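Trainee: Here it is, the structure, as structure tokens.
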Amino acid sequence: MSDHHLHHAPAVAPTGLVGMVIAVAAVLAASAYLAGSIRLRLRGDAWPGWRDTCFTAGCAVLVYALLGPLPGGPFTAHMGQHLVLAMIAPVLVVLARPLTLLLRVLPTRLRRTLLAVAHSAPASVLVFPPLAAVLDVGGLWLLYRTSLFASLHHQPLLHAAVHVHVVVSGLLFTFAVCQLDPVRRRWSLACRATALLGAGAAHAVLAKTLYAAPPPGTAFATADLHTGAQLMYYGGDLAEIALAAIIAIQWYAASGRTRTHRQRQGVPRMACS
Amino acid sequence: MSEPAGHALPPSAPEPVLLPGRSLAVCAMIGAALMAAVDEIVFHQILAWHHFFDRSTPAVGLVSDGLLHTAELLGLVAGFVLYADLRRRHALAPAHASAGLFLGSGGFQLFDGIVDHKVLRLHQVRYGVDLVVYDLVWNGAALALLAVGAVLAVRARRKAGS
């Protein structure tokens, strides 16, 4: 295989227009979040400071991944960027409960509109955890196991769409699995854990197939491909542990509350055990 | 809130009830997940005996590996939080818990040695060596862990019964 076959774009970070637009949106979102939480506190409401830190950090890593230099060969750098955009930034942003904050600070009319959107049928369908998992990881399978990845090089619009999809579907999946913000339908722990298991497995298998073969129509140096695939595999593990820990801590807190409640109500002791 | 305060039970915790079966199951889950973590950290990363990818792995092997790998991580998190819950309820039966730890780790090791390495051929214990010895030691260690777990489980049961 001759060297000119190793084409490096579209693997590298787009310092282009889309990256810029997403980065500016992230900076604006962080400013709006901080303004909102400060307003809430001035009003006398409690809003933990660590949520501000989480949201700001999520936006900051997003901006860095889009604009900053990333280590490794082209495929590894692409994977590192993917890891931040689709997994790390969404976890930090979702932990900060942005929808809850928005609902608290918006004026009544806007709040009603937002609530209507959040509780609408399409939104409820989108945050069904298994569907969110399919939209997220299914999109990755399309990207890496069809000729889509190779064609990004020639089609800037498609490239833009893929970038936006990676960020939005990562946010959607994290939002659906964590279920920290108010939505109309609350899904059970089992449903969310199963969606996480399925998504994690599909992600791990995809990473292993990338280790064996690059996306169709592209060629990367073997070492770069292997590092990138392993980064995807183990990076996915980290994201999965983070999501699992969030769900597990929710369960721990909720079951503790239920037990205290039962004891107060004087349910027979055997039933508590 | 509708009840008068006098009817509520005193705030003292209810008498703790030990849950031996649950203690054993939760610790078995932790044991299996810990053994999987040892496999990943020691044999994949530090020693680099296990390979990340083996070209002779069939597709079904890859899928089962993805599922199992993910389940291990979820099991680790779930195991620890369920353990914390048992401690919080003062329901942990320590003897059953240690039996579960051995049974879980031995069970995972045996599954890994037989199903992952041999049936699904995900990867071998080590490459470029005579595998028989390695496989015997690998699965022998698994059986030893299982045997310790079984002895501990029987003893825990007798102790609980007496």
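Residues in the structure tokens are numbered from 1 in each chain, the chains being A, B, ... in the order shown, and ligands are numbered from 1 in the order shown.
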Residues of chain B within 7 Å of chain A, counting only C-alpha atoms, what are they? List them as a ChimeraX atom specification.
Mentor: /B:8-9,14,17,53,62-63,66-67,70-71,73-74,77-78,81,85
Trainee: Compile the contact shell of region 108-119 of chain A as a list in words: residues with an atom at most 9 Å away, counting only C-alpha atoms, same-chain residues fewer than 6 positions apart removed.
Mentor: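 Once the adjacent positions are removed, what remains is Leu99, Leu102, Pro182, Val183, Arg184 and Arg185 of chain A.
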Trainee: Near Asp112 (chain B), counting only C-alpha atoms, which residues have an atom at most 10 Å away, once you skip same-chain residues fewer than 4 positions from it, shown as a PyMOL selection string?
Mentor: chain B and resi 35-36+39+106-108+116-120+122+125+138-139+142
Trainee: Can you pull out every residue within 10 Å of Leu92 (chain B), counting only C-alpha atoms, but drop anything in the same chain fewer than 2 positions away, and send it as a PyMOL selection string?
Mentor: chain B and resi 16-24+26+83-90+94-97
Trainee: Which one of A:Ala190, A:Ala160, A:Val105, A:Val127 sits closest to Ser37 (chain A) if you count only C-alpha atoms?
Mentor: A:Val105
Trainee: Find the spatial neighbours of Gly19 (chain A), counting only C-alpha atoms, within a cut-off of 12 Å - ignore same-chain residues fewer than 6 positions away - and output them as an NGL selection string.
Mentor: :A and (12-13 or 25-26 or 62-68 or 81 or 85 or 156 or 159-164 or 167)
Trainee: Using only C-alpha atoms, please write the residues we just selected to a file, as an mmCIF file, in the first residue's frame.
Mentor:
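See out.cif below for the written result:
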```cif
data_model
loop_
_atom_site.group_PDB
_atom_site.id
_atom_site.type_symbol
_atom_site.label_atom_id
_atom_site.label_comp_id
_atom_site.auth_asym_id
_atom_site.auth_seq_id
_atom_site.Cartn_x
_atom_site.Cartn_y
_atom_site.Cartn_z
ATOM 1 C CA VAL A 12 -8.523 15.391 12.314
ATOM 2 C CA ALA A 13 -10.493 17.925 14.314
ATOM 3 C CA ALA A 25 -22.674 27.539 21.355
ATOM 4 C CA ALA A 26 -20.904 25.755 24.229
ATOM 5 C CA LEU A 62 -16.038 20.283 24.392
ATOM 6 C CA VAL A 63 -14.446 23.502 23.168
ATOM 7 C CA TYR A 64 -10.948 22.097 23.658
ATOM 8 C CA ALA A 65 -11.783 18.895 21.769
ATOM 9 C CA LEU A 66 -13.123 20.935 18.840
ATOM 10 C CA LEU A 67 -10.392 23.563 18.626
ATOM 11 C CA GLY A 68 -7.335 22.372 20.520
ATOM 12 C CA GLN A 81 -12.222 13.909 20.006
ATOM 13 C CA LEU A 85 -17.725 15.070 22.350
ATOM 14 C CA PRO A 156 -18.459 19.354 4.345
ATOM 15 C CA HIS A 159 -19.239 16.230 8.013
ATOM 16 C CA ALA A 160 -21.045 18.998 9.883
ATOM 17 C CA ALA A 161 -24.149 16.860 10.315
ATOM 18 C CA VAL A 162 -22.101 13.962 11.683
ATOM 19 C CA HIS A 163 -20.419 16.220 14.219
ATOM 20 C CA VAL A 164 -23.689 17.649 15.427
ATOM 21 C CA VAL A 167 -22.718 15.628 20.261
#
```
Trainee: Could you pull the residues within 9 Å of Cys191 (chain A), counting only C-alpha atoms, minus those fewer than 2 positions along the same chain, as a VMD selection string?
Mentor: chain A and resid 128 to 130 177 187 to 189 193 to 196
Trainee: Using all heavy atoms, can you write the selected residues to a file as a compact mmCIF listing (two decimals), in the first residue's frame?
Mentor:
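Result file is again-v9.txt:
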```txt
# COMPACT_ATOMS: atom_id res chain seq x y z
N PHE A 128 -36.74 7.64 25.43
CA PHE A 128 -36.90 6.22 25.76
C PHE A 128 -35.49 5.61 25.67
O PHE A 128 -34.89 5.59 24.58
CB PHE A 128 -37.86 5.59 24.77
CG PHE A 128 -38.04 4.10 24.94
CD1 PHE A 128 -38.28 3.55 26.19
CD2 PHE A 128 -37.96 3.25 23.85
CE1 PHE A 128 -38.44 2.18 26.34
CE2 PHE A 128 -38.13 1.88 23.98
CZ PHE A 128 -38.36 1.36 25.23
N PRO A 129 -34.91 5.15 26.80
CA PRO A 129 -33.48 4.81 26.80
C PRO A 129 -33.01 3.87 25.68
O PRO A 129 -31.98 4.16 25.05
CB PRO A 129 -33.26 4.20 28.19
CG PRO A 129 -34.30 4.85 29.03
CD PRO A 129 -35.49 5.04 28.15
N PRO A 130 -33.74 2.76 25.38
CA PRO A 130 -33.24 1.91 24.29
C PRO A 130 -33.18 2.63 22.94
O PRO A 130 -32.24 2.42 22.16
CB PRO A 130 -34.26 0.76 24.24
CG PRO A 130 -34.83 0.72 25.60
CD PRO A 130 -34.88 2.13 26.07
N VAL A 177 -30.45 7.94 30.05
CA VAL A 177 -30.02 6.90 30.99
C VAL A 177 -29.98 7.44 32.42
O VAL A 177 -30.38 6.77 33.36
CB VAL A 177 -28.66 6.32 30.55
CG1 VAL A 177 -28.02 5.54 31.67
CG2 VAL A 177 -28.83 5.43 29.35
N TRP A 187 -38.51 6.08 33.38
CA TRP A 187 -38.25 4.69 33.04
C TRP A 187 -37.60 3.97 34.21
O TRP A 187 -36.86 4.58 34.98
CB TRP A 187 -37.39 4.60 31.79
CG TRP A 187 -38.12 5.12 30.61
CD1 TRP A 187 -37.99 6.35 30.04
CD2 TRP A 187 -39.17 4.45 29.90
NE1 TRP A 187 -38.88 6.49 29.01
CE2 TRP A 187 -39.62 5.35 28.89
CE3 TRP A 187 -39.78 3.20 30.00
CZ2 TRP A 187 -40.63 5.01 28.00
CZ3 TRP A 187 -40.78 2.87 29.11
CH2 TRP A 187 -41.20 3.78 28.14
N SER A 188 -37.88 2.68 34.30
CA SER A 188 -37.39 1.90 35.44
C SER A 188 -35.87 1.75 35.37
O SER A 188 -35.25 1.93 34.32
CB SER A 188 -38.02 0.51 35.43
OG SER A 188 -37.52 -0.21 34.34
N LEU A 189 -35.31 1.39 36.52
CA LEU A 189 -33.89 1.13 36.60
C LEU A 189 -33.48 0.03 35.62
O LEU A 189 -32.46 0.13 34.94
CB LEU A 189 -33.58 0.71 38.04
CG LEU A 189 -32.13 0.41 38.32
CD1 LEU A 189 -31.41 1.68 38.66
CD2 LEU A 189 -32.01 -0.58 39.46
N ALA A 193 -30.73 0.37 32.76
CA ALA A 193 -29.51 -0.44 32.85
C ALA A 193 -29.36 -1.33 31.62
O ALA A 193 -28.25 -1.53 31.11
CB ALA A 193 -29.54 -1.29 34.12
N THR A 194 -30.48 -1.87 31.12
CA THR A 194 -30.41 -2.72 29.92
C THR A 194 -29.96 -1.90 28.72
O THR A 194 -29.15 -2.37 27.90
CB THR A 194 -31.78 -3.36 29.65
OG1 THR A 194 -32.25 -3.94 30.85
CG2 THR A 194 -31.68 -4.42 28.57
N ALA A 195 -30.49 -0.68 28.60
CA ALA A 195 -30.07 0.18 27.48
C ALA A 195 -28.57 0.46 27.57
O ALA A 195 -27.85 0.44 26.56
CB ALA A 195 -30.86 1.48 27.50
N LEU A 196 -28.08 0.68 28.79
CA LEU A 196 -26.66 0.94 28.99
C LEU A 196 -25.83 -0.30 28.63
O LEU A 196 -24.79 -0.19 27.96
CB LEU A 196 -26.41 1.34 30.45
CG LEU A 196 -24.99 1.70 30.84
CD1 LEU A 196 -24.46 2.83 29.99
CD2 LEU A 196 -24.92 2.08 32.31
```
Trainee: With only C-alpha atoms as the counted atoms, please give the residues lying no more than 9 Å from Cys54 (chain A), apart from itself and same-chain residues fewer than 2 positions off, as an MDAnalysis selection string.
Mentor: chainID A and resid 49:52 56:59 91:96
Trainee: Work out how far apart CA of Pro98 (chain A) and CA of Ile22 (chain A) are and give it in Å to one decimal.
Mentor: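 Distance reported for this atom pair: 17.3 Å.
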Trainee: If you run DSSP on the backbone here, which positions in region 4-210 of chain A get alpha helix (DSSP H)? Please write them as a PyMOL selection string.
Mentor: chain A and resi 17-42+49-67+74-83+89-95+98-105+108-118+121-126+129-145+148-151+156-178+189-210
Trainee: Just checking: using only C-alpha atoms, which residue out of B:Gly161, B:Gly79, B:Gly113, B:Gly31 ends up closest to Asp135 (chain B)?
Mentor: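 Nearest to Asp135 (chain B): B:Gly113.
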Trainee: For the atom pair CA of Gly228 (chain A) and CA of His123 (chain B), what is the interatomic distance in Å to one decimal place?
Mentor: 20.1 Å
Trainee: State, in Å with one decimal place, the distance from CA of Ala123 (chain A) to CA of Leu103 (chain A).
Mentor: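 Value for the CA of Ala123 (chain A)-CA of Leu103 (chain A) distance: 15.9 Å.
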